[in-house]
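Next up, final_21.txt (compact mmCIF, C-alpha atoms):
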```txt
# COMPACT_ATOMS: atom_id res chain seq x y z
CA MET D 7 -3.50 -1.66 4.91
CA GLN D 8 -5.17 0.49 7.58
CA LYS D 9 -3.89 4.07 7.37
CA VAL D 10 -4.12 6.73 10.09
CA SER D 11 -2.36 10.07 10.44
CA ASN D 12 -1.43 11.86 13.62
CA SER D 13 -1.63 15.17 11.78
CA ASN D 14 -4.82 14.62 9.81
CA PRO D 15 -7.13 17.57 10.58
CA ARG D 16 -10.19 15.32 10.52
CA PHE D 17 -9.27 13.98 13.92
CA GLY D 18 -6.35 16.11 15.03
CA GLY D 19 -8.31 17.63 17.90
CA LEU D 20 -9.19 14.26 19.34
CA ALA D 21 -5.61 13.06 18.94
CA CYS D 22 -4.34 16.12 20.80
CA SER D 23 -6.79 15.65 23.65
CA LEU D 24 -5.74 12.04 23.94
CA LEU D 25 -2.10 13.08 23.98
CA GLY D 26 -2.80 15.33 26.95
CA ALA D 27 -4.60 12.57 28.81
CA ALA D 28 -2.14 9.83 27.93
CA SER D 29 0.23 10.30 30.86
CA PHE D 30 -2.60 10.25 33.38
CA LEU D 31 -4.14 7.17 31.81
CA PHE D 32 -0.81 5.40 31.70
CA LEU D 33 0.07 6.12 35.33
CA SER D 34 -3.43 5.18 36.47
CA ALA D 35 -3.28 1.91 34.56
CA VAL D 36 0.15 1.00 35.89
CA ASN D 37 -1.26 1.30 39.39
CA VAL D 38 -3.89 -1.39 38.71
CA SER D 39 -3.36 -3.94 41.44
CA CYS D 40 -2.98 -7.65 40.96
CA GLY D 41 -6.42 -7.99 42.48
CA SER D 42 -7.91 -5.70 39.85
CA VAL D 43 -6.28 -7.66 37.04
CA ASN D 44 -7.53 -10.91 38.47
CA GLU D 45 -11.11 -9.62 38.41
CA HIS D 46 -10.96 -9.91 34.62
CA GLN D 47 -9.64 -13.46 34.59
CA THR D 48 -12.05 -16.23 33.60
CA MET D 49 -11.86 -19.93 33.06
CA HIS D 50 -11.96 -19.17 29.30
CA ASP D 51 -8.99 -16.81 29.37
CA LYS D 52 -6.31 -17.86 26.88
CA SER D 53 -2.78 -16.54 26.53
CA ALA D 54 -1.27 -15.43 23.24
CA SER D 55 0.81 -18.60 23.12
CA GLU D 56 -2.41 -20.64 23.33
CA LEU D 57 -4.22 -18.57 20.70
CA LEU D 58 -1.67 -18.13 17.93
CA GLY D 59 -1.58 -21.10 15.60
CA ASN D 60 -4.68 -22.57 17.26
CA SER D 61 -7.27 -23.49 14.61
CA ASP D 62 -10.04 -23.19 17.21
CA TYR D 63 -9.38 -19.43 17.37
CA PRO D 64 -9.62 -18.02 13.83
CA ALA D 65 -8.52 -14.41 13.45
CA ILE D 66 -9.56 -11.42 11.37
CA CYS D 67 -8.67 -7.74 10.92
CA TYR D 68 -11.47 -5.48 12.09
CA GLY D 69 -12.55 -1.91 11.55
CA GLY D 70 -16.12 -1.01 12.42
CA TYR D 71 -16.33 2.28 10.52
CA ARG D 72 -19.56 2.71 8.58
CA GLY D 73 -19.20 6.28 7.28
CA LEU D 74 -16.99 8.24 4.93
CA SER D 75 -14.76 9.53 7.71
CA ARG D 76 -13.28 8.08 10.87
CA SER D 77 -14.70 11.07 12.67
CA GLU D 78 -17.89 8.99 12.54
CA GLN D 79 -16.86 6.64 15.32
CA PRO D 80 -18.95 3.46 15.69
CA SER D 81 -20.85 3.29 18.95
CA ILE D 82 -20.41 0.52 21.49
CA PRO D 83 -23.82 -0.99 20.52
CA GLN D 84 -22.69 -1.02 16.87
CA LEU D 85 -19.39 -2.63 17.82
CA LYS D 86 -21.25 -5.27 19.81
CA GLU D 87 -23.40 -6.02 16.76
CA ASP D 88 -20.26 -6.59 14.69
CA VAL D 89 -18.56 -8.71 17.34
CA ARG D 90 -21.64 -10.92 17.63
CA MET D 91 -21.63 -11.43 13.85
CA LEU D 92 -17.96 -12.35 13.82
CA HIS D 93 -18.37 -14.61 16.84
CA ALA D 94 -21.26 -16.39 15.09
CA MET D 95 -19.01 -17.21 12.13
CA GLY D 96 -16.38 -18.67 14.46
CA ILE D 97 -13.94 -15.74 14.74
CA ARG D 98 -12.27 -15.45 18.15
CA PHE D 99 -9.32 -13.09 17.59
CA LEU D 100 -9.53 -9.51 16.25
CA ARG D 101 -6.77 -7.23 15.05
CA THR D 102 -6.99 -3.43 15.43
CA TYR D 103 -4.64 -0.70 14.18
CA ASN D 104 -4.31 2.27 16.53
CA VAL D 105 -5.43 3.67 19.86
CA GLN D 106 -5.36 7.32 18.84
CA LEU D 107 -9.11 7.25 18.28
CA ALA D 108 -11.86 5.74 20.40
CA HIS D 109 -12.47 2.75 18.10
CA ALA D 110 -10.05 0.25 19.67
CA SER D 111 -10.80 1.11 23.30
CA ASN D 112 -14.54 1.02 22.63
CA LEU D 113 -14.16 -2.33 20.88
CA VAL D 114 -12.44 -3.78 23.92
CA LYS D 115 -15.17 -2.31 26.15
CA ALA D 116 -17.82 -3.85 23.88
CA ILE D 117 -16.19 -7.27 24.19
CA HIS D 118 -15.96 -6.81 27.96
CA GLU D 119 -19.70 -6.06 28.12
CA LEU D 120 -20.51 -9.09 25.98
CA LYS D 121 -18.48 -11.28 28.34
CA LEU D 122 -20.48 -9.95 31.28
CA GLU D 123 -23.78 -10.51 29.45
CA GLU D 124 -22.93 -13.97 28.13
CA PRO D 125 -20.79 -16.17 30.39
CA GLY D 126 -18.37 -18.15 28.28
CA PHE D 127 -18.23 -15.56 25.48
CA GLU D 128 -14.72 -15.45 24.02
CA MET D 129 -13.09 -12.80 21.87
CA TYR D 130 -9.48 -11.63 22.03
CA VAL D 131 -7.62 -8.69 20.53
CA MET D 132 -4.26 -8.01 18.91
CA LEU D 133 -4.03 -4.31 19.68
CA GLY D 134 -2.23 -2.14 17.16
CA ALA D 135 -0.16 0.86 18.24
CA TRP D 136 0.45 3.23 15.33
CA ILE D 137 4.02 4.44 14.74
CA ASP D 138 5.02 7.40 12.54
CA CYS D 139 8.21 9.14 11.47
CA ALA D 140 8.75 12.85 12.11
CA GLY D 141 6.76 14.94 9.65
CA ALA D 142 4.54 11.99 8.70
CA TRP D 143 1.67 12.77 6.33
CA THR D 144 3.29 16.04 5.25
CA ASP D 145 5.26 16.96 2.14
CA ALA D 146 8.52 16.41 4.03
CA PRO D 147 8.49 13.22 6.14
CA ASN D 148 11.78 12.56 7.91
CA HIS D 149 12.24 8.82 7.94
CA ALA D 150 15.47 9.07 9.92
CA VAL D 151 13.63 10.41 12.99
CA GLN D 152 10.48 9.22 14.70
CA ASN D 153 7.53 11.29 15.89
CA LEU D 154 8.59 10.69 19.47
CA GLU D 155 5.82 12.53 21.31
CA ALA D 156 3.00 10.92 19.34
CA ASN D 157 4.58 7.46 19.37
CA GLN D 158 5.16 7.60 23.14
CA ALA D 159 1.55 8.60 23.69
CA GLU D 160 0.34 5.78 21.45
CA ILE D 161 2.40 3.18 23.29
CA ASP D 162 1.18 4.56 26.64
CA ARG D 163 -2.44 4.26 25.53
CA ALA D 164 -1.91 0.70 24.34
CA THR D 165 -0.26 -0.16 27.65
CA ALA D 166 -3.08 1.36 29.68
CA LEU D 167 -5.78 -0.45 27.71
CA THR D 168 -3.95 -3.76 28.01
CA LEU D 169 -3.69 -3.37 31.77
CA GLN D 170 -7.35 -2.48 32.04
CA TYR D 171 -8.47 -5.53 30.03
CA PRO D 172 -5.74 -8.21 30.27
CA ASP D 173 -8.29 -10.95 29.60
CA ILE D 174 -9.01 -9.47 26.15
CA VAL D 175 -5.84 -7.79 24.87
CA LYS D 176 -3.36 -10.60 24.26
CA VAL D 177 -0.93 -9.05 21.75
CA ILE D 178 0.37 -5.55 21.17
CA ALA D 179 1.57 -4.92 17.61
CA VAL D 180 4.00 -2.00 17.42
CA GLY D 181 3.36 -0.31 14.10
CA ASN D 182 1.46 -1.30 10.98
CA GLU D 183 3.49 -1.52 7.76
CA ALA D 184 5.72 0.98 9.55
CA MET D 185 9.03 -0.29 8.16
CA VAL D 186 8.22 -0.99 4.51
CA HIS D 187 9.70 1.65 2.24
CA TRP D 188 6.66 2.11 0.03
CA ALA D 189 4.80 3.51 3.06
CA ALA D 190 6.38 6.78 2.00
CA SER D 191 4.20 9.04 4.15
CA TYR D 192 5.30 7.65 7.50
CA PHE D 193 7.76 4.70 7.55
CA VAL D 194 10.51 4.42 10.14
CA ALA D 195 13.69 2.37 10.41
CA PRO D 196 13.64 -0.93 12.34
CA ASP D 197 15.51 0.63 15.26
CA VAL D 198 12.42 2.73 16.08
CA ILE D 199 10.17 -0.32 16.23
CA LEU D 200 12.87 -2.11 18.22
CA GLN D 201 12.95 0.70 20.78
CA TRP D 202 9.23 0.36 21.52
CA VAL D 203 9.25 -3.42 21.45
CA ASN D 204 12.07 -3.41 23.98
CA HIS D 205 10.18 -0.87 26.09
CA LEU D 206 7.11 -3.12 26.24
CA GLN D 207 9.20 -6.22 26.90
CA ALA D 208 10.86 -4.38 29.80
CA LEU D 209 7.44 -3.54 31.25
CA LYS D 210 6.60 -7.24 31.09
CA SER D 211 9.85 -8.18 32.80
CA GLU D 212 9.27 -5.79 35.68
CA GLY D 213 5.66 -6.94 36.14
CA SER D 214 4.02 -3.78 34.79
CA LEU D 215 2.42 -5.72 31.93
CA PRO D 216 1.07 -9.30 31.96
CA ALA D 217 3.85 -11.83 31.56
CA ASP D 218 1.87 -13.79 28.97
CA LEU D 219 1.22 -10.74 26.75
CA TRP D 220 3.04 -11.11 23.43
CA ILE D 221 4.68 -8.23 21.58
CA THR D 222 5.19 -8.02 17.82
CA SER D 223 5.18 -5.65 14.87
CA SER D 224 2.88 -6.25 11.91
CA ASP D 225 4.55 -5.50 8.61
CA ASN D 226 5.03 -6.39 4.97
CA PHE D 227 6.84 -9.64 4.21
CA ALA D 228 9.80 -7.73 2.75
CA SER D 229 10.21 -5.75 5.97
CA TRP D 230 10.63 -9.04 7.83
CA GLY D 231 13.54 -10.11 5.65
CA GLY D 232 11.54 -11.93 2.99
CA GLY D 233 12.34 -9.41 0.27
CA GLY D 234 15.44 -7.62 -0.91
CA ALA D 235 18.71 -7.21 0.92
CA GLU D 236 17.99 -3.50 1.47
CA TYR D 237 15.88 -4.54 4.46
CA HIS D 238 18.53 -6.81 6.01
CA ASN D 239 20.44 -5.09 8.80
CA GLU D 240 21.49 -5.53 12.40
CA ASP D 241 18.49 -3.63 13.77
CA LEU D 242 16.09 -5.97 11.98
CA GLU D 243 17.98 -8.97 13.34
CA ALA D 244 17.71 -7.50 16.84
CA LEU D 245 14.01 -6.91 16.30
CA VAL D 246 13.46 -10.53 15.29
CA LYS D 247 15.08 -11.55 18.56
CA ALA D 248 13.07 -9.00 20.58
CA VAL D 249 9.53 -9.82 19.42
CA ASP D 250 7.60 -12.81 20.71
CA PHE D 251 6.53 -13.73 17.17
CA VAL D 252 6.58 -12.24 13.69
CA SER D 253 3.39 -10.86 12.11
CA MET D 254 3.84 -10.59 8.33
CA HIS D 255 1.64 -9.29 5.51
CA THR D 256 1.24 -10.86 2.10
CA TYR D 257 -0.91 -9.42 -0.71
CA PRO D 258 -0.92 -11.27 -4.03
CA PHE D 259 -3.99 -9.17 -4.89
CA HIS D 260 -1.88 -6.01 -5.16
CA ASP D 261 0.86 -7.86 -6.99
CA THR D 262 -1.52 -8.84 -9.77
CA HIS D 263 -0.62 -5.28 -10.84
CA TYR D 264 2.78 -4.57 -9.29
CA ASN D 265 4.44 -7.97 -9.82
CA PRO D 266 2.10 -9.97 -12.05
CA VAL D 267 4.39 -12.82 -13.03
CA PHE D 268 2.27 -15.35 -11.09
CA TRP D 269 -0.93 -13.89 -12.50
CA SER D 270 0.01 -14.53 -16.13
CA VAL D 271 -1.84 -17.27 -17.98
CA ASP D 272 -0.31 -20.72 -18.03
CA SER D 273 -0.22 -23.35 -20.76
CA LEU D 274 -3.54 -24.80 -19.64
CA ASP D 275 -5.34 -21.48 -19.91
CA GLN D 276 -6.18 -21.74 -23.57
CA GLU D 277 -9.54 -23.38 -22.88
CA THR D 278 -12.56 -21.38 -23.99
CA GLY D 279 -16.18 -21.17 -22.88
CA SER D 280 -17.59 -20.77 -19.38
CA ALA D 281 -16.01 -23.97 -18.08
CA GLY D 282 -12.65 -22.84 -19.38
CA ASP D 283 -13.12 -19.41 -17.86
CA THR D 284 -13.88 -20.87 -14.44
CA ALA D 285 -10.95 -23.26 -14.60
CA ARG D 286 -8.66 -20.39 -15.64
CA ILE D 287 -9.79 -18.35 -12.63
CA GLU D 288 -9.34 -21.27 -10.26
CA ARG D 289 -5.81 -21.91 -11.50
CA ALA D 290 -4.98 -18.20 -11.20
CA MET D 291 -6.17 -18.22 -7.60
CA GLU D 292 -4.15 -21.36 -6.88
CA ARG D 293 -1.10 -19.46 -8.13
CA ALA D 294 -2.04 -16.49 -5.93
CA LEU D 295 -2.17 -18.76 -2.88
CA ALA D 296 1.17 -20.31 -3.83
CA TYR D 297 2.60 -16.79 -4.15
CA SER D 298 1.64 -16.03 -0.54
CA GLN D 299 3.00 -19.37 0.60
CA HIS D 300 6.33 -18.55 -1.05
CA GLN D 301 6.50 -15.15 0.66
CA TYR D 302 5.70 -16.80 3.98
CA ALA D 303 8.46 -19.36 3.41
CA GLN D 304 10.94 -16.58 2.62
CA VAL D 305 10.17 -14.83 5.90
CA VAL D 306 10.38 -18.08 7.87
CA GLN D 307 13.77 -18.81 6.32
CA TYR D 308 15.10 -15.38 7.28
CA VAL D 309 13.61 -15.39 10.78
CA GLN D 310 14.67 -18.94 11.57
CA GLY D 311 18.19 -18.08 10.47
CA ILE D 312 18.27 -15.53 13.29
CA ASP D 313 16.14 -17.12 16.01
CA THR D 314 14.75 -20.63 15.65
CA SER D 315 12.35 -20.07 18.55
CA LYS D 316 10.26 -17.46 16.70
CA SER D 317 7.02 -18.42 15.01
CA VAL D 318 5.67 -16.53 12.01
CA HIS D 319 1.98 -15.74 11.59
CA ILE D 320 0.05 -13.76 8.99
CA GLY D 321 -1.03 -10.36 10.28
CA GLU D 322 -2.74 -9.39 7.03
CA THR D 323 -3.78 -10.81 3.72
CA GLY D 324 -6.90 -10.23 1.69
CA TRP D 325 -8.61 -9.80 -1.65
CA ALA D 326 -10.86 -6.95 -2.81
CA SER D 327 -14.19 -7.61 -4.47
CA VAL D 328 -14.45 -4.34 -6.46
CA SER D 329 -12.00 -2.13 -8.34
CA ASP D 330 -12.27 0.53 -11.00
CA GLY D 331 -8.51 0.92 -11.25
CA PHE D 332 -5.43 -1.32 -11.31
CA TYR D 333 -7.40 -4.47 -10.45
CA GLY D 334 -10.59 -3.91 -12.46
CA PRO D 335 -11.75 -4.50 -16.03
CA GLU D 336 -9.03 -2.29 -17.51
CA GLY D 337 -6.36 -3.59 -15.16
CA SER D 338 -5.39 -7.02 -13.84
CA ARG D 339 -9.05 -8.12 -13.65
CA ALA D 340 -8.47 -9.50 -10.17
CA ALA D 341 -11.30 -7.91 -8.19
CA ASP D 342 -14.63 -9.69 -7.78
CA GLU D 343 -16.47 -11.71 -5.14
CA PHE D 344 -15.80 -15.07 -6.76
CA LYS D 345 -12.02 -14.65 -6.66
CA GLN D 346 -12.24 -13.18 -3.18
CA ALA D 347 -14.07 -16.30 -1.99
CA LEU D 348 -11.53 -18.63 -3.57
CA PHE D 349 -8.65 -16.76 -1.95
CA TYR D 350 -10.34 -16.59 1.45
CA ARG D 351 -11.15 -20.29 1.50
CA GLY D 352 -7.70 -21.24 0.21
CA MET D 353 -5.92 -19.12 2.83
CA ARG D 354 -8.08 -20.45 5.64
CA GLU D 355 -7.52 -24.07 4.61
CA TRP D 356 -3.76 -23.68 4.22
CA THR D 357 -3.14 -21.75 7.43
CA ARG D 358 -5.41 -23.99 9.47
CA GLU D 359 -3.60 -27.12 8.31
CA ALA D 360 -0.18 -25.49 8.77
CA GLY D 361 -0.87 -24.19 12.28
CA ILE D 362 -0.57 -20.53 11.24
CA SER D 363 -2.81 -17.78 12.59
CA CYS D 364 -4.16 -15.64 9.75
CA PHE D 365 -5.63 -12.23 10.55
CA TYR D 366 -7.57 -12.05 7.31
CA PHE D 367 -8.13 -8.56 5.94
CA GLU D 368 -10.90 -7.81 6.60
CA ALA D 369 -14.25 -8.29 8.26
CA PHE D 370 -16.28 -5.37 6.84
CA ASP D 371 -15.95 -2.95 3.95
CA GLU D 372 -14.80 0.47 5.20
CA PRO D 373 -16.03 3.30 2.93
CA TRP D 374 -13.79 5.95 4.54
CA LYS D 375 -10.63 4.49 3.06
CA SER D 376 -11.20 6.10 -0.32
CA ALA D 377 -14.21 8.29 0.37
CA ALA D 378 -13.89 10.26 -2.87
CA ASN D 379 -14.00 7.10 -5.01
CA PRO D 380 -16.60 4.54 -3.89
CA THR D 381 -15.30 1.91 -6.33
CA ASP D 382 -11.67 2.11 -5.21
CA SER D 383 -10.48 -1.37 -4.21
CA GLU D 384 -9.41 -0.10 -0.75
CA ASN D 385 -13.08 0.23 0.17
CA HIS D 386 -13.93 -3.37 -0.71
CA PHE D 387 -11.72 -5.85 1.14
CA GLY D 388 -14.47 -6.84 3.59
CA LEU D 389 -16.19 -10.20 3.70
CA PHE D 390 -19.29 -8.18 4.58
CA LYS D 391 -20.42 -5.04 2.80
CA ALA D 392 -20.88 -1.95 4.96
CA ASP D 393 -24.62 -2.57 5.23
CA GLY D 394 -24.04 -6.11 6.50
CA GLU D 395 -24.65 -8.03 3.29
CA ALA D 396 -22.50 -11.17 3.25
CA LYS D 397 -20.31 -11.55 0.18
CA TYR D 398 -19.96 -14.80 -1.73
CA ALA D 399 -17.28 -16.21 0.59
CA LEU D 400 -19.87 -16.23 3.41
CA TRP D 401 -22.96 -17.31 1.48
CA PRO D 402 -22.85 -20.86 2.93
CA LEU D 403 -22.95 -19.45 6.47
CA VAL D 404 -26.02 -17.37 5.63
CA GLU D 405 -27.68 -20.41 4.08
CA ASP D 406 -26.93 -22.41 7.23
CA GLY D 407 -28.62 -19.79 9.41
CA VAL D 408 -25.45 -18.81 11.25
CA PHE D 409 -26.51 -15.13 11.31
CA ASN D 410 -30.20 -15.64 12.06
CA GLY D 411 -31.43 -12.95 14.43
CA LEU D 412 -28.33 -10.79 13.97
CA LYS D 413 -28.35 -7.38 12.33
CA ARG D 414 -25.99 -4.59 11.33
CA ASP D 415 -27.51 -1.13 11.76
CA GLY D 416 -30.98 -2.60 11.46
CA HIS D 417 -30.22 -4.71 8.39
CA SER D 418 -30.60 -8.49 8.56
CA ILE D 419 -27.65 -10.46 7.22
CA THR D 420 -28.47 -11.48 3.67
CA ARG D 421 -26.41 -12.58 0.68
CA THR D 422 -25.10 -10.20 -1.95
CA TYR D 423 -26.71 -10.45 -5.40
CA ALA D 424 -29.84 -11.70 -3.58
CA GLY D 425 -28.07 -15.04 -3.35
CA GLN D 426 -28.30 -15.60 -7.11
CA ARG D 427 -25.07 -17.04 -8.46
CA GLU D 428 -25.94 -16.21 -12.06
CA MET D 429 -26.13 -12.51 -11.12
CA LEU D 430 -22.76 -12.71 -9.37
CA ASP D 431 -21.21 -14.43 -12.38
CA ARG D 432 -22.02 -11.42 -14.57
CA HIS D 433 -19.52 -9.42 -12.53
CA VAL D 434 -16.75 -12.02 -12.50
CA LEU D 435 -13.68 -10.87 -14.42
CA HIS D 436 -11.84 -13.52 -16.40
CA PRO D 437 -8.07 -13.14 -16.58
CA ALA D 438 -7.10 -12.11 -20.07
CA PRO D 439 -5.84 -15.02 -22.24
```
Please express the file's structure as structure tokens.
Amino acid sequence: MQKVSNSNPRFGGLACSLLGAASFLFLSAVNVSCGSVNEHQTMHDKSASELLGNSDYPAICYGGYRGLSRSEQPSIPQLKEDVRMLHAMGIRFLRTYNVQLAHASNLVKAIHELKLEEPGFEMYVMLGAWIDCAGAWTDAPNHAVQNLEANQAEIDRATALTLQYPDIVKVIAVGNEAMVHWAASYFVAPDVILQWVNHLQALKSEGSLPADLWITSSDNFASWGGGGAEYHNEDLEALVKAVDFVSMHTYPFHDTHYNPVFWSVDSLDQETGSAGDTARIERAMERALAYSQHQYAQVVQYVQGIDTSKSVHIGETGWASVSDGFYGPEGSRAADEFKQALFYRGMREWTREAGISCFYFEAFDEPWKSAANPTDSENHFGLFKADGEAKYALWPLVEDGVFNGLKRDGHSITRTYAGQREMLDRHVLHPAP
């Protein structure tokens, strides 16, 4: 879901400066001694193998951007505010998307400072390294060739940050939805992802990266073999064998428009009145959860057919609370806080019981994602609004005082709709009969 362009003029200058510094940072980081690494180790330090699938370490996707552009980078104090909020609600594992900008490195620094301030504080990171094809984000992307210089620099930055904070960075994810064909602006073939996964695995083998660091790629379920045969090839099979686990994405929310067979009314949905409306919504959300479970099962079947040792976890799934387009009143009528809460709670319950880590998308609304259209669904996947208001899924935590004393940019954590369910219900969209 998170999109970033190497060639975007909004942050091209910063990307270029980072490219120039990448080699120095990488070489400096590789020279970190064993003693330096050990300085970060604590009695609370967990490995990726201990974190993934562990219900005591719930995961979430995180972007701390408050403004209409990623040029407005959140400060370390702002990142610490967010991390404290997520920690208070029980989250212990964060997923980021790229290290081209300062966001990810500053997040890791913020966690490091919190650990120094509060002995026993735990928060871990799955660090994303963005991968593009040649000509990405232009009118002529070349999907047969990668953007080698930019991708090398991105991997070097991820490596350096991991070496600097091995007690925090526990997974490197090579690429985000980088193999799925509908990512038409930037996707690459599996052999590109395989190249960088193998590179990182080799660094682990030679002792230049922590041995317990896990390497993956986070991509759409179809890209991991759960979809059509057009994705099935020898390079993908080699990639399954090369990664330490598979991180797959599943989005029934989007498929309420693109593949709405599960969203259609069933034979029980002829009830009328408010009770019937609520029951119809609940059944629709049960079908949405079952849809994700089916996609997960498809990926597991494919992966296990190649390598029975590989676990599959969910790198992304989520549900938007607002839409003026495909998912709004004139579309599939999927977007509202009530449905978002049902999906969130259903996904958490299922994955917890099944021993699956779920990096739920996402913690906070990010207004930059569709800055020209404030009511675009892409801006509204957060469990918190950008000002820190907790959406319906988190109302019980607010009521229980979980966020007492915590603030986001000076705003106390309160409930959306002033905590009045009848006000929320006015914005709930009932699937058409």
Check your understanding: Which is closer to D:Leu215 than all the others in D:Ala164, D:Ala140, D:Val114, D:Leu348, using all atoms listed in the file?
Key -> D:Ala164
Practice item. Using only C-alpha atoms, give me every residue within 10 Å of (6.5, -6.7, 14.6) in file coordinates, as number ranges by chain. Key: D: 178-185, 196, 199-200, 203, 221-226, 229-230, 242, 245-246, 248-254, 321
Check your understanding: Which residue gives the smallest distance to D:Gly352 among D:Gly324, D:Pro147, D:Gly416, D:Gly126, with all atoms listed in the file counted?
Key ->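 For D:Gly352, the nearest of the given residues is D:Gly324.
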Practice item. Mind checking which residues fall within 9 Å of stretch 255-264 of chain D, counting only C-alpha atoms, ignoring those fewer than 6 positions away in the same chain, and posting them as a list in words? Key: Glu183, Ser224, Asp225, Asn226, Phe227, Ala228, Ser270, Ala294, Leu295, Tyr297, Ser298, Gln299, Gln301, Tyr302, His319, Ile320, Gly321, Glu322, Thr323, Gly324, Trp325, Ala326, Phe332, Tyr333, Gly337, Ser338, Arg339, Ala340 and Ala341 of chain D
Exercise for review: Compare D:Asn157, D:Gln426, D:Asn239, D:Ser55 by their minimum atom-to-atom distance to D:Asp197, counting all atoms listed in the file, and give me the closest one.
Suggested key: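 With all atoms listed in the file as the atom set, the closest residue is D:Asn239.
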**Study point:** Close residues, D:Tyr63 itself excluded, 7 Å, only C-alpha atoms, min 2 positions apart in chain, as a list in words
**Key:**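 Contacts, with the query itself left out: Leu57, Asn60, Ser61, Ala65, Ile97, Arg98 and Phe99 of chain D.
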Create the file for the chosen residues now, containing C-alpha atoms and written as a CSV table (one decimal), in the coordinates of the input.
```csv
chain,number,residue,atom,x,y,z
D,57,LEU,CA,-4.2,-18.6,20.7
D,60,ASN,CA,-4.7,-22.6,17.3
D,61,SER,CA,-7.3,-23.5,14.6
D,65,ALA,CA,-8.5,-14.4,13.4
D,97,ILE,CA,-13.9,-15.7,14.7
D,98,ARG,CA,-12.3,-15.4,18.2
D,99,PHE,CA,-9.3,-13.1,17.6
```
Review point. Can you tell me, as a PyMOL selection string, what residues are no more than 10 Å from D:Asp88 when counting all atoms listed in the file, ignoring any on the same chain fewer than 3 positions away?
Key: chain D and resi 68-70+82-85+91-94+113+116+369-370+394+412-415
Using the file's own x, y and z axes, what box holds all listed atoms of stretch 309-315 of chain D with 4 Å on each side, keeping edges along x, y and z, and what are its centre and edge lengths in Å to one decimal, as lines of an AutoDock Vina configuration file?
```
center_x = 15.3
center_y = -18.0
center_z = 14.5
size_x = 13.9
size_y = 13.2
size_z = 16.1
```
Practice item. Quick one: pull the distance between atom CA of D:Thr357 and atom CA of D:Asp283, Å, one decimal. Key: 27.3 Å
Review point. So, counting only C-alpha atoms, which residue among D:Ser214, D:Gln79, D:Thr422, D:Gln310 is closest to D:Ala399?
Key: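 Smallest separation from D:Ala399 among the options: D:Thr422.
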Contacts of D:Asp218 at 8 Å or less, counting all atoms listed in the file, minus same-chain residues fewer than 6 places along, as a PDB file with C-alpha atoms, keeping the file's coordinate frame?
```pdb
ATOM      1  CA  SER D  53      -2.780 -16.540  26.530  1.00  0.00           C
ATOM      2  CA  ALA D  54      -1.270 -15.430  23.240  1.00  0.00           C
ATOM      3  CA  SER D  55       0.810 -18.600  23.120  1.00  0.00           C
ATOM      4  CA  LYS D 176      -3.360 -10.600  24.260  1.00  0.00           C
TER       5      LYS D 176
END
```
Practice item. Show which residues sit within 6 Å of stretch 101-105 of chain D, as a PyMOL selection string. Count only C-alpha atoms, and ignore same-chain residues fewer than 4 positions away. Key: chain D and resi 67-68+110+131-136
